[in-house]
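Novice: My file is start32.pdb. It has PDB, C-alpha atoms and all ligand atoms:
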ATOM      1  CA  MET A 125      57.166 107.952 239.984
ATOM      2  CA  ARG A 126      54.777 107.824 237.101
ATOM      3  CA  VAL A 127      54.376 110.180 234.129
ATOM      4  CA  ARG A 128      51.333 109.615 231.955
ATOM      5  CA  GLU A 129      49.206 111.340 229.397
ATOM      6  CA  THR A 130      45.731 111.927 230.777
ATOM      7  CA  GLY A 131      44.002 111.765 227.404
ATOM      8  CA  LEU A 132      41.584 114.164 225.811
ATOM      9  CA  ARG A 133      40.240 116.913 228.029
ATOM     10  CA  GLY A 134      37.645 119.557 227.298
ATOM     11  CA  MET A 135      39.046 123.089 227.628
ATOM     12  CA  ILE A 136      37.154 126.290 227.076
ATOM     13  CA  SER A 137      38.918 129.621 227.116
ATOM     14  CA  LEU A 138      36.623 132.233 228.646
ATOM     15  CA  ARG A 139      37.752 135.825 228.346
ATOM     16  CA  GLY A 140      35.991 138.771 229.874
ATOM     17  CA  ASP A 141      35.721 140.853 233.029
ATOM     18  CA  LEU A 142      36.524 138.309 235.746
ATOM     19  CA  SER A 143      34.897 140.508 238.396
ATOM     20  CA  ASP A 144      31.520 140.306 236.613
ATOM     21  CA  THR A 145      29.078 138.370 238.796
ATOM     22  CA  VAL A 146      27.170 137.000 235.800
ATOM     23  CA  LEU A 147      30.361 135.592 234.276
ATOM     24  CA  ARG A 148      31.558 134.186 237.616
ATOM     25  CA  THR A 149      28.250 132.526 238.402
ATOM     26  CA  CYS A 150      28.090 131.035 234.923
ATOM     27  CA  ALA A 151      31.584 129.526 235.331
ATOM     28  CA  THR A 152      30.958 128.119 238.797
ATOM     29  CA  ASP A 153      27.509 126.741 237.851
ATOM     30  CA  LEU A 154      29.030 124.905 234.885
ATOM     31  CA  THR A 155      31.850 123.329 236.878
ATOM     32  CA  GLY A 156      30.652 123.049 240.477
ATOM     33  CA  VAL A 157      33.925 124.488 241.804
ATOM     34  CA  ALA A 158      34.711 127.840 243.431
ATOM     35  CA  PHE A 159      35.900 130.700 241.212
ATOM     36  CA  PRO A 160      39.737 130.801 241.303
ATOM     37  CA  GLN A 161      41.737 133.809 242.404
ATOM     38  CA  ALA A 162      44.945 134.863 240.660
ATOM     39  CA  GLY A 163      47.398 131.958 240.657
ATOM     40  CA  GLN A 164      44.820 129.324 241.544
ATOM     41  CA  ALA A 165      43.358 126.276 239.854
ATOM     42  CA  MET A 166      40.143 124.799 241.220
ATOM     43  CA  VAL A 167      40.109 121.329 239.737
ATOM     44  CA  GLY A 168      37.580 118.653 240.676
ATOM     45  CA  ALA A 169      37.284 115.100 239.342
ATOM     46  CA  ASP A 170      36.563 116.006 235.727
ATOM     47  CA  LYS A 171      35.724 119.719 235.803
ATOM     48  CA  GLY A 172      37.587 122.775 236.926
ATOM     49  CA  LEU A 173      38.426 126.455 236.649
ATOM     50  CA  VAL A 174      41.949 127.718 236.086
ATOM     51  CA  TRP A 175      43.051 131.370 236.405
ATOM     52  CA  MET A 176      45.037 132.074 233.228
ATOM     53  CA  SER A 177      45.405 135.870 233.261
ATOM     54  CA  PRO A 178      43.555 138.964 234.536
ATOM     55  CA  ASP A 179      40.980 138.548 231.768
ATOM     56  CA  GLU A 180      40.961 134.814 231.073
ATOM     57  CA  ILE A 181      39.930 131.636 232.835
ATOM     58  CA  LEU A 182      40.160 128.148 231.412
ATOM     59  CA  ILE A 183      37.178 125.912 232.001
ATOM     60  CA  LEU A 184      37.991 122.197 232.246
ATOM     61  CA  ALA A 185      35.280 119.716 231.340
ATOM     62  CA  PRO A 186      34.931 116.218 229.905
ATOM     63  CA  TYR A 187      36.059 116.312 226.272
ATOM     64  CA  SER A 188      32.665 115.249 224.960
ATOM     65  CA  ASP A 189      30.938 118.137 226.817
ATOM     66  CA  ALA A 190      33.183 120.927 225.511
ATOM     67  CA  GLN A 191      31.106 122.216 222.621
ATOM     68  CA  GLN A 192      27.912 121.962 224.632
ATOM     69  CA  THR A 193      29.590 123.967 227.416
ATOM     70  CA  VAL A 194      30.494 126.708 224.935
ATOM     71  CA  ASP A 195      26.879 126.797 223.745
ATOM     72  CA  MET A 196      25.633 127.141 227.316
ATOM     73  CA  ILE A 197      28.064 130.014 227.966
ATOM     74  CA  GLN A 198      26.892 131.791 224.782
ATOM     75  CA  GLU A 199      23.351 131.523 226.074
ATOM     76  CA  ARG A 200      24.061 132.515 229.685
ATOM     77  CA  LEU A 201      26.323 135.481 228.914
ATOM     78  CA  LYS A 202      24.233 137.062 226.189
ATOM     79  CA  GLY A 203      24.516 140.835 226.391
ATOM     80  CA  ILE A 204      27.841 141.062 228.230
ATOM     81  CA  HIS A 205      31.265 141.450 226.634
ATOM     82  CA  PHE A 206      33.025 138.057 226.588
ATOM     83  CA  LEU A 207      34.703 135.491 224.355
ATOM     84  CA  ALA A 208      34.274 131.726 224.794
ATOM     85  CA  THR A 209      36.307 129.364 222.608
ATOM     86  CA  ASN A 210      36.614 125.602 222.554
ATOM     87  CA  VAL A 211      40.385 125.077 222.692
ATOM     88  CA  SER A 212      40.271 121.396 223.707
ATOM     89  CA  ASP A 213      42.444 120.279 220.814
ATOM     90  CA  ALA A 214      45.108 122.947 221.386
ATOM     91  CA  ARG A 215      46.627 121.511 224.531
ATOM     92  CA  SER A 216      47.309 118.202 226.261
ATOM     93  CA  VAL A 217      47.597 117.324 229.924
ATOM     94  CA  ILE A 218      50.316 115.130 231.423
ATOM     95  CA  ALA A 219      50.049 113.826 234.986
ATOM     96  CA  VAL A 220      53.145 113.443 237.150
ATOM     97  CA  GLU A 221      52.525 111.204 240.143
ATOM     98  CA  GLY A 222      54.662 109.988 243.003
ATOM     99  CA  PRO A 223      56.512 111.051 246.138
ATOM    100  CA  PHE A 224      58.780 113.766 244.666
ATOM    101  CA  VAL A 225      56.587 115.469 242.066
ATOM    102  CA  ARG A 226      57.756 118.900 243.259
ATOM    103  CA  GLU A 227      61.359 118.069 242.443
ATOM    104  CA  VAL A 228      60.534 116.704 239.005
ATOM    105  CA  LEU A 229      58.937 120.051 238.127
ATOM    106  CA  ALA A 230      61.610 122.059 239.946
ATOM    107  CA  LYS A 231      64.292 120.576 237.688
ATOM    108  CA  LEU A 232      62.563 121.992 234.628
ATOM    109  CA  ALA A 233      60.748 125.218 235.531
ATOM    110  CA  PRO A 234      62.108 128.501 237.018
ATOM    111  CA  VAL A 235      59.447 128.394 239.727
ATOM    112  CA  ASP A 236      59.493 128.140 243.522
ATOM    113  CA  LEU A 237      57.963 124.737 244.240
ATOM    114  CA  HIS A 238      58.472 124.711 247.990
ATOM    115  CA  PRO A 239      55.212 123.869 249.817
ATOM    116  CA  HIS A 240      55.170 127.449 251.140
ATOM    117  CA  ALA A 241      54.802 128.741 247.585
ATOM    118  CA  PHE A 242      53.146 125.882 245.707
ATOM    119  CA  ALA A 243      50.413 123.784 247.298
ATOM    120  CA  PRO A 244      47.301 121.908 246.162
ATOM    121  CA  GLY A 245      45.193 124.502 244.344
ATOM    122  CA  SER A 246      48.189 126.584 243.215
ATOM    123  CA  PHE A 247      48.613 127.249 239.534
ATOM    124  CA  TYR A 248      51.619 128.447 237.581
ATOM    125  CA  ARG A 249      52.154 129.370 233.957
ATOM    126  CA  SER A 250      55.821 129.108 233.113
ATOM    127  CA  ARG A 251      57.951 126.864 230.976
ATOM    128  CA  LEU A 252      59.527 123.410 231.020
ATOM    129  CA  GLY A 253      62.916 123.665 229.391
ATOM    130  CA  GLN A 254      62.214 125.305 226.067
ATOM    131  CA  VAL A 255      58.418 125.253 225.940
ATOM    132  CA  ALA A 256      55.482 126.979 227.603
ATOM    133  CA  ALA A 257      53.713 124.905 230.235
ATOM    134  CA  ALA A 258      51.194 125.416 232.994
ATOM    135  CA  PHE A 259      50.757 123.225 236.022
ATOM    136  CA  TRP A 260      48.667 122.731 239.102
ATOM    137  CA  MET A 261      48.830 120.413 242.062
ATOM    138  CA  ARG A 262      45.948 118.043 242.732
ATOM    139  CA  ASP A 263      47.539 116.759 245.930
ATOM    140  CA  ASP A 264      51.042 116.373 247.339
ATOM    141  CA  GLU A 265      51.827 113.494 244.996
ATOM    142  CA  ASN A 266      50.003 114.561 241.862
ATOM    143  CA  ILE A 267      50.789 117.489 239.563
ATOM    144  CA  GLU A 268      49.043 117.989 236.238
ATOM    145  CA  VAL A 269      51.009 119.714 233.494
ATOM    146  CA  MET A 270      49.368 121.365 230.512
ATOM    147  CA  THR A 271      51.334 122.102 227.342
ATOM    148  CA  PHE A 272      50.509 122.905 223.774
ATOM    149  CA  ARG A 273      49.771 119.678 221.904
ATOM    150  CA  SER A 274      52.522 120.448 219.393
ATOM    151  CA  THR A 275      55.145 120.380 222.186
ATOM    152  CA  ALA A 276      53.590 117.660 224.356
ATOM    153  CA  ALA A 277      55.993 114.933 223.207
ATOM    154  CA  TYR A 278      58.979 117.115 224.159
ATOM    155  CA  ALA A 279      57.410 117.953 227.532
ATOM    156  CA  PHE A 280      56.609 114.289 228.178
ATOM    157  CA  GLY A 281      60.213 113.326 227.445
ATOM    158  CA  LEU A 282      61.533 116.026 229.784
ATOM    159  CA  LEU A 283      59.219 115.003 232.617
ATOM    160  CA  ALA A 284      59.967 111.306 232.178
ATOM    161  CA  LYS A 285      63.743 111.943 232.230
ATOM    162  CA  ALA A 286      63.471 114.260 235.235
ATOM    163  CA  ALA A 287      61.416 111.642 237.101
ATOM    164  CA  GLU A 288      63.845 108.872 236.173
ATOM    165  CA  GLY A 289      66.736 110.905 237.578
ATOM    166  CA  GLY A 290      65.316 110.679 241.101
ATOM    167  CA  ALA A 291      64.815 113.240 243.853
ATOM    168  CA  VAL A 292      67.352 116.016 244.311
ATOM    169  CA  GLY A 293      66.704 116.204 248.030
ATOM    170  CA  HIS A 294      66.356 119.981 248.286
ATOM    171  CA  LEU A 295      62.686 119.891 249.212
ATOM    172  CA  VAL A 296      62.043 118.329 252.594
ATOM    173  CA  SER A 297      58.458 117.791 253.618
ATOM    174  CA  ASP A 298      57.056 120.124 256.258
ATOM    175  CA  ASP A 299      56.405 117.351 258.776
ATOM    176  CA  ALA A 300      60.166 116.847 258.943
ATOM    177  CA  GLY A 301      60.391 120.389 260.279
ATOM    178  CA  ASP A 302      61.070 123.514 258.264
ATOM    179  CA  ALA A 303      64.189 122.555 256.383
ATOM    180  CA  ARG A 304      64.810 126.038 255.052
ATOM    181  CA  GLY A 305      65.701 127.562 258.461
TER     182      GLY A 305
ATOM    183  CA  MET B 163      69.784 136.603 237.441
ATOM    184  CA  LEU B 164      66.973 139.102 237.180
ATOM    185  CA  MET B 165      63.544 138.614 238.727
ATOM    186  CA  LEU B 166      60.654 140.991 238.224
ATOM    187  CA  HIS B 167      57.280 141.158 239.933
ATOM    188  CA  CYS B 168      54.488 140.974 237.357
ATOM    189  CA  PRO B 169      51.785 143.389 238.535
ATOM    190  CA  ASN B 170      49.201 141.655 236.328
ATOM    191  CA  CYS B 171      49.310 138.179 237.857
ATOM    192  CA  GLY B 172      51.124 138.956 241.108
ATOM    193  CA  ARG B 173      54.018 136.551 240.595
ATOM    194  CA  ASP B 174      57.753 137.108 241.070
ATOM    195  CA  VAL B 175      58.971 135.950 237.703
ATOM    196  CA  ASP B 176      62.332 134.737 236.431
ATOM    197  CA  GLU B 177      63.787 136.714 233.532
ATOM    198  CA  THR B 178      63.630 133.622 231.313
ATOM    199  CA  ASP B 179      59.811 133.642 231.567
ATOM    200  CA  LEU B 180      59.758 137.222 230.267
ATOM    201  CA  HIS B 181      60.421 138.994 227.006
ATOM    202  CA  ALA B 182      62.177 142.364 227.096
ATOM    203  CA  GLY B 183      60.212 145.038 225.242
ATOM    204  CA  GLY B 184      62.817 147.788 225.222
ATOM    205  CA  GLU B 185      62.680 151.386 226.401
ATOM    206  CA  ALA B 186      59.445 152.515 228.046
ATOM    207  CA  HIS B 187      57.394 155.698 227.764
ATOM    208  CA  LEU B 188      58.190 156.472 224.146
ATOM    209  CA  ARG B 189      55.947 159.093 222.592
ATOM    210  CA  ARG B 190      54.572 158.019 219.265
ATOM    211  CA  GLU B 191      55.179 160.386 216.370
ATOM    212  CA  GLY B 192      52.497 160.510 213.719
ATOM    213  CA  ALA B 193      52.509 161.148 209.978
ATOM    214  CA  GLU B 194      52.712 164.901 210.530
ATOM    215  CA  ALA B 195      56.007 164.648 212.432
ATOM    216  CA  SER B 196      59.303 165.860 211.013
ATOM    217  CA  ALA B 197      61.636 163.215 209.569
ATOM    218  CA  GLU B 198      64.035 163.778 212.496
ATOM    219  CA  ALA B 199      61.320 163.319 215.115
ATOM    220  CA  PHE B 200      60.028 160.204 213.374
ATOM    221  CA  GLU B 201      63.507 158.734 213.107
ATOM    222  CA  ASP B 202      64.039 159.472 216.785
ATOM    223  CA  TYR B 203      60.788 157.703 217.681
ATOM    224  CA  LEU B 204      61.548 154.682 215.528
ATOM    225  CA  PHE B 205      65.233 154.097 216.086
ATOM    226  CA  MET B 206      66.899 156.209 218.758
ATOM    227  CA  ARG B 207      66.977 154.512 222.168
ATOM    228  CA  LYS B 208      68.612 155.326 225.469
ATOM    229  CA  ASN B 209      71.272 152.929 226.602
ATOM    230  CA  PRO B 210      72.049 154.158 230.105
ATOM    231  CA  LYS B 211      74.426 152.705 232.611
ATOM    232  CA  GLY B 212      72.107 153.211 235.547
ATOM    233  CA  VAL B 213      68.424 154.019 235.965
ATOM    234  CA  HIS B 214      66.309 152.732 233.105
ATOM    235  CA  PHE B 215      62.602 152.341 232.413
ATOM    236  CA  GLU B 216      61.604 149.329 230.365
ATOM    237  CA  ARG B 217      58.647 147.423 228.984
ATOM    238  CA  TRP B 218      58.435 143.736 229.767
ATOM    239  CA  HIS B 219      56.078 141.050 228.527
ATOM    240  CA  HIS B 220      55.151 138.096 230.739
ATOM    241  CA  THR B 221      55.375 135.773 227.752
ATOM    242  CA  PHE B 222      55.426 132.362 229.430
ATOM    243  CA  GLY B 223      52.966 133.462 232.104
ATOM    244  CA  CYS B 224      49.875 135.644 232.024
ATOM    245  CA  GLY B 225      50.703 137.100 228.588
ATOM    246  CA  LYS B 226      50.424 140.732 229.710
ATOM    247  CA  TRP B 227      52.765 143.706 229.461
ATOM    248  CA  PHE B 228      54.071 145.754 232.364
ATOM    249  CA  HIS B 229      56.707 148.402 233.104
ATOM    250  CA  ALA B 230      59.862 148.031 235.162
ATOM    251  CA  ALA B 231      62.288 150.580 236.611
ATOM    252  CA  ARG B 232      65.740 149.192 237.311
ATOM    253  CA  ASP B 233      69.449 149.923 237.316
ATOM    254  CA  THR B 234      71.152 148.397 234.295
ATOM    255  CA  ALA B 235      74.529 148.315 236.032
ATOM    256  CA  THR B 236      73.572 146.769 239.383
ATOM    257  CA  LEU B 237      70.341 144.987 238.328
ATOM    258  CA  GLU B 238      68.614 146.619 241.327
ATOM    259  CA  VAL B 239      64.896 146.716 240.625
ATOM    260  CA  PHE B 240      63.171 149.882 241.867
ATOM    261  CA  GLY B 241      59.734 148.574 241.056
ATOM    262  CA  THR B 242      57.303 147.372 238.418
ATOM    263  CA  TYR B 243      54.022 149.006 237.479
ATOM    264  CA  SER B 244      51.093 148.989 235.085
ATOM    265  CA  ALA B 245      51.628 149.150 231.332
ATOM    266  CA  GLN B 246      48.673 151.533 231.075
ATOM    267  CA  THR B 247      50.556 154.711 231.922
ATOM    268  CA  SER B 248      52.716 157.176 230.002
ATOM    269  CA  GLU B 249      55.010 157.902 232.945
ATOM    270  CA  PRO B 250      56.153 156.124 236.116
ATOM    271  CA  PRO B 251      53.971 156.447 239.229
ATOM    272  CA  LYS B 252      55.139 158.922 241.857
ATOM    273  CA  GLU B 253      56.183 156.262 244.397
ATOM    274  CA  ILE B 254      58.590 154.730 241.876
ATOM    275  CA  ILE B 255      60.101 158.108 241.016
ATOM    276  CA  ASP B 256      60.438 158.936 244.727
ATOM    277  CA  ARG B 257      62.083 155.589 245.474
ATOM    278  CA  ILE B 258      64.673 156.085 242.741
ATOM    279  CA  ALA B 259      65.344 159.693 243.772
ATOM    280  CA  GLU B 260      65.982 158.523 247.318
ATOM    281  CA  LYS B 261      68.482 155.891 246.209
ATOM    282  CA  ARG B 262      70.118 157.859 243.377
ATOM    283  CA  PRO B 263      70.377 161.490 244.584
ATOM    284  CA  ASN B 264      71.873 162.675 241.283
ATOM    285  CA  TRP B 265      68.995 161.293 239.246
ATOM    286  CA  SER B 266      65.692 162.990 238.486
ATOM    287  CA  TRP B 267      62.774 162.064 236.253
ATOM    288  CA  GLU B 268      62.875 165.521 234.651
ATOM    289  CA  SER B 269      66.513 165.235 233.592
ATOM    290  CA  ASP B 270      65.899 161.652 232.464
ATOM    291  CA  THR B 271      63.219 162.586 229.954
TER     292      THR B 271
HETATM  293 ZN    ZN C   1      52.069 138.025 234.725
END
Can I see the file as structure tokens?
Ligand SMILES: [Zn+2]

Specialist:
Amino acid sequence: MRVRETGLRGMISLRGDLSDTVLRTCATDLTGVAFPQAGQAMVGADKGLVWMSPDEILILAPYSDAQQTVDMIQERLKGIHFLATNVSDARSVIAVEGPFVREVLAKLAPVDLHPHAFAPGSFYRSRLGQVAAAFWMRDDENIEVMTFRSTAAYAFGLLAKAAEGGAVGHLVSDDAGDARG
Amino acid sequence: MLMLHCPNCGRDVDETDLHAGGEAHLRREGAEASAEAFEDYLFMRKNPKGVHFERWHHTFGCGKWFHAARDTATLEVFGTYSAQTSEPPKEIIDRIAEKRPNWSWESDT
């Protein structure tokens, strides 16, 4: 298992009416990914869209492009009611990689991480121990965890300890048959 | 353990991801209200053993408020619903009435 900081990442909070076609098209044009539904994160190599709440999506972009992305949104969405803020320095992203990523997260968050409930593309906002955290699955062995920068060291320590402790063995992969039966 | 369905983000959420916001459907008293009515609005809260309507905030999740109807003694949850209403939707009231024949919304308010 490996736990690592992924370094600076551009993040733009976009608030508004998420059913508005102009807003949706703007977000998908800027990132090249599909618009996420509730509870989804559409994350590509270095850009993505994350569904934060009924009126907020988070746009992921390279750190150096963040301010430019905000400027483009201001231009594209002129005339509709929205709020776009560069929040890149508010949060950090930690990657958890390896064969039992689900169990590492399951030790720390009150969330169902069985493959039936949490799969690549899924997104949860919850907590790790004492602090708020959000996470999404890139693939079966890679979960990215986002926390506030001020609590990132705590979250990193938790994740590293949980990974060190090994698998619990409660989650059995689907190709071994449905273990919940 | 208590789990509530957040109608804003569609998740079944553990109590520890939520913040309890106290009694629901309070009517705000303004400056023209009597001292008694204002005191009642500010301080006096129901504390039933049984059916209760509450406000909950999905603090660690989507950050939105919602309402919940539940039984404080058994932790049975009758349902959750939008925060943007001054009284429970009919289907929630009907569900409670079916399960608690001695209860009615009218006598509760
Ligand atoms: Zn929610």

Novice: If the PyMOL selection byres (((chain B and resi 203-219) around 10) and not hetatm) were run on this exact file, what residues would it hold? Put them as a ChimeraX atom specification.

Specialist: /B:166,168,177,179-192,195,197-202,220-245,249-250,258,262,265-267,270

Novice: Given the point (50.5, 122.0, 238.7) in the file's coordinates, find the residues that have an atom at most 7 Å from it, counting only C-alpha atoms, and give them as a list in words.

Specialist: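 Every polymer residue passing the test: Ser246, Phe247, Tyr248, Ala258, Phe259, Trp260, Met261, Ile267, Glu268 and Val269 of chain A.
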
Novice: Compute the distance from (63.2, 107.7, 245.3) to each atom, counting all atoms listed in the file, keep the residues with any atom at most 8 Å away, and return them as a VMD selection string; use the coordinates of the file.

Specialist: chain A and resid 223 to 224 290 to 291

Novice: Calculate how many Å separate CA of Ala287 (chain A) from CA of Ile218 (chain A), rounding to one decimal.

Specialist: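 Between these atoms lies a distance of 12.9 Å.
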
Novice: Could you work out how far CA of Arg133 (chain A) lies from CA of Lys285 (chain A), giving the answer in Å with one decimal?

Specialist: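 A separation of 24.4 Å between them.
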
Novice: To one decimal in Å, tell me the separation between CA of Ile183 (chain A) and CA of Asp263 (chain A).

Specialist: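 Answer for the CA of Ile183 (chain A) to CA of Asp263 (chain A) separation: 19.6 Å.
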
Novice: Identify which of the residues B:Lys252, B:His167, B:Arg173, B:Lys261 lies closest to chain A, counting all atoms listed in the file when measuring atom-to-atom distances.

Specialist: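 So, comparing all the options, the nearest one is B:Arg173.
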
Novice: Select, from A:Met176, A:Leu154, A:Leu207, A:Ala243, the residue with the minimum atom-to-atom distance to ligand ZN 1 (chain C), counting all atoms listed in the file.

Specialist: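 Looking at the shortest contact to ligand ZN 1 (chain C), the residue is A:Met176.
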
Novice: For this file, the PyMOL selection byres (((chain A and resi 274) around 12) and not hetatm) selects which residues, as a PDB file with C-alpha atoms, in the frame of the given file?

Specialist:
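This went into result19.pdb:
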ATOM      1  CA  ASP A 213      42.444 120.279 220.814  1.00  0.00           C
ATOM      2  CA  ALA A 214      45.108 122.947 221.386  1.00  0.00           C
ATOM      3  CA  ARG A 215      46.627 121.511 224.531  1.00  0.00           C
ATOM      4  CA  SER A 216      47.309 118.202 226.261  1.00  0.00           C
ATOM      5  CA  VAL A 255      58.418 125.253 225.940  1.00  0.00           C
ATOM      6  CA  ALA A 256      55.482 126.979 227.603  1.00  0.00           C
ATOM      7  CA  ALA A 257      53.713 124.905 230.235  1.00  0.00           C
ATOM      8  CA  MET A 270      49.368 121.365 230.512  1.00  0.00           C
ATOM      9  CA  THR A 271      51.334 122.102 227.342  1.00  0.00           C
ATOM     10  CA  PHE A 272      50.509 122.905 223.774  1.00  0.00           C
ATOM     11  CA  ARG A 273      49.771 119.678 221.904  1.00  0.00           C
ATOM     12  CA  THR A 275      55.145 120.380 222.186  1.00  0.00           C
ATOM     13  CA  ALA A 276      53.590 117.660 224.356  1.00  0.00           C
ATOM     14  CA  ALA A 277      55.993 114.933 223.207  1.00  0.00           C
ATOM     15  CA  TYR A 278      58.979 117.115 224.159  1.00  0.00           C
ATOM     16  CA  ALA A 279      57.410 117.953 227.532  1.00  0.00           C
ATOM     17  CA  PHE A 280      56.609 114.289 228.178  1.00  0.00           C
TER      18      PHE A 280
END

Novice: Provide as a PDB file with C-alpha atoms, in the coordinates of the input the residues of chain A at most 10 Å from chain B, counting only C-alpha atoms.

Specialist:
ATOM      1  CA  GLN A 161      41.737 133.809 242.404  1.00  0.00           C
ATOM      2  CA  ALA A 162      44.945 134.863 240.660  1.00  0.00           C
ATOM      3  CA  GLY A 163      47.398 131.958 240.657  1.00  0.00           C
ATOM      4  CA  TRP A 175      43.051 131.370 236.405  1.00  0.00           C
ATOM      5  CA  MET A 176      45.037 132.074 233.228  1.00  0.00           C
ATOM      6  CA  SER A 177      45.405 135.870 233.261  1.00  0.00           C
ATOM      7  CA  PRO A 178      43.555 138.964 234.536  1.00  0.00           C
ATOM      8  CA  ASP A 179      40.980 138.548 231.768  1.00  0.00           C
ATOM      9  CA  GLU A 180      40.961 134.814 231.073  1.00  0.00           C
ATOM     10  CA  ALA A 233      60.748 125.218 235.531  1.00  0.00           C
ATOM     11  CA  PRO A 234      62.108 128.501 237.018  1.00  0.00           C
ATOM     12  CA  VAL A 235      59.447 128.394 239.727  1.00  0.00           C
ATOM     13  CA  ASP A 236      59.493 128.140 243.522  1.00  0.00           C
ATOM     14  CA  TYR A 248      51.619 128.447 237.581  1.00  0.00           C
ATOM     15  CA  ARG A 249      52.154 129.370 233.957  1.00  0.00           C
ATOM     16  CA  SER A 250      55.821 129.108 233.113  1.00  0.00           C
ATOM     17  CA  ARG A 251      57.951 126.864 230.976  1.00  0.00           C
ATOM     18  CA  LEU A 252      59.527 123.410 231.020  1.00  0.00           C
ATOM     19  CA  GLN A 254      62.214 125.305 226.067  1.00  0.00           C
ATOM     20  CA  VAL A 255      58.418 125.253 225.940  1.00  0.00           C
ATOM     21  CA  ALA A 256      55.482 126.979 227.603  1.00  0.00           C
ATOM     22  CA  ALA A 257      53.713 124.905 230.235  1.00  0.00           C
ATOM     23  CA  ALA A 258      51.194 125.416 232.994  1.00  0.00           C
TER      24      ALA A 258
END

Novice: Hey, what comes out of the PyMOL selection byres (((chain A and resi 225) around 9) and not hetatm) on this file? Could you write it as a short mmCIF file (atom, residue, chain, number, x, y, z; two decimals) with C-alpha atoms, in the frame of the given file?

Specialist:
data_model
loop_
_atom_site.label_atom_id
_atom_site.label_comp_id
_atom_site.auth_asym_id
_atom_site.auth_seq_id
_atom_site.Cartn_x
_atom_site.Cartn_y
_atom_site.Cartn_z
CA MET A 125 57.17 107.95 239.98
CA VAL A 220 53.14 113.44 237.15
CA GLU A 221 52.52 111.20 240.14
CA GLY A 222 54.66 109.99 243.00
CA PRO A 223 56.51 111.05 246.14
CA PHE A 224 58.78 113.77 244.67
CA ARG A 226 57.76 118.90 243.26
CA GLU A 227 61.36 118.07 242.44
CA VAL A 228 60.53 116.70 239.00
CA LEU A 229 58.94 120.05 238.13
CA ALA A 230 61.61 122.06 239.95
CA ASP A 264 51.04 116.37 247.34
CA GLU A 265 51.83 113.49 245.00
CA ASN A 266 50.00 114.56 241.86
CA ILE A 267 50.79 117.49 239.56
CA ALA A 287 61.42 111.64 237.10
CA ALA A 291 64.82 113.24 243.85
#

Novice: Could you pull region 187-220 of chain B out of the structure just shown and give C-alpha atoms as an mmCIF file, in the first residue's frame?

Specialist:
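The result, stored in selection_29.cif:
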data_model
loop_
_atom_site.group_PDB
_atom_site.id
_atom_site.type_symbol
_atom_site.label_atom_id
_atom_site.label_comp_id
_atom_site.auth_asym_id
_atom_site.auth_seq_id
_atom_site.Cartn_x
_atom_site.Cartn_y
_atom_site.Cartn_z
ATOM 1 C CA HIS B 187 -41.430 23.669 12.348
ATOM 2 C CA LEU B 188 -41.051 26.433 14.905
ATOM 3 C CA ARG B 189 -42.964 29.590 14.069
ATOM 4 C CA ARG B 190 -40.846 32.677 14.372
ATOM 5 C CA GLU B 191 -42.199 35.411 16.618
ATOM 6 C CA GLY B 192 -41.382 38.957 15.617
ATOM 7 C CA ALA B 193 -40.808 42.178 17.540
ATOM 8 C CA GLU B 194 -44.549 42.715 17.930
ATOM 9 C CA ALA B 195 -45.029 39.432 19.810
ATOM 10 C CA SER B 196 -45.852 39.274 23.503
ATOM 11 C CA ALA B 197 -42.974 38.504 25.879
ATOM 12 C CA GLU B 198 -44.519 35.077 26.590
ATOM 13 C CA ALA B 199 -44.811 34.184 22.908
ATOM 14 C CA PHE B 200 -41.260 35.348 22.242
ATOM 15 C CA GLU B 201 -39.910 33.384 25.184
ATOM 16 C CA ASP B 202 -41.789 30.338 23.939
ATOM 17 C CA TYR B 203 -40.275 30.737 20.468
ATOM 18 C CA LEU B 204 -36.759 31.228 21.785
ATOM 19 C CA PHE B 205 -36.515 28.745 24.616
ATOM 20 C CA MET B 206 -39.422 26.345 25.018
ATOM 21 C CA ARG B 207 -38.891 23.040 23.198
ATOM 22 C CA LYS B 208 -40.764 19.766 23.099
ATOM 23 C CA ASN B 209 -38.947 16.808 24.529
ATOM 24 C CA PRO B 210 -41.245 13.924 23.645
ATOM 25 C CA LYS B 211 -40.745 10.264 24.281
ATOM 26 C CA GLY B 212 -42.065 9.194 20.910
ATOM 27 C CA VAL B 213 -42.828 10.947 17.634
ATOM 28 C CA HIS B 214 -40.629 13.967 17.042
ATOM 29 C CA PHE B 215 -39.903 16.287 14.133
ATOM 30 C CA GLU B 216 -36.364 17.583 13.884
ATOM 31 C CA ARG B 217 -34.013 19.644 11.763
ATOM 32 C CA TRP B 218 -30.756 18.046 10.720
ATOM 33 C CA HIS B 219 -27.731 19.464 8.946
ATOM 34 C CA HIS B 220 -25.594 17.277 6.682
#
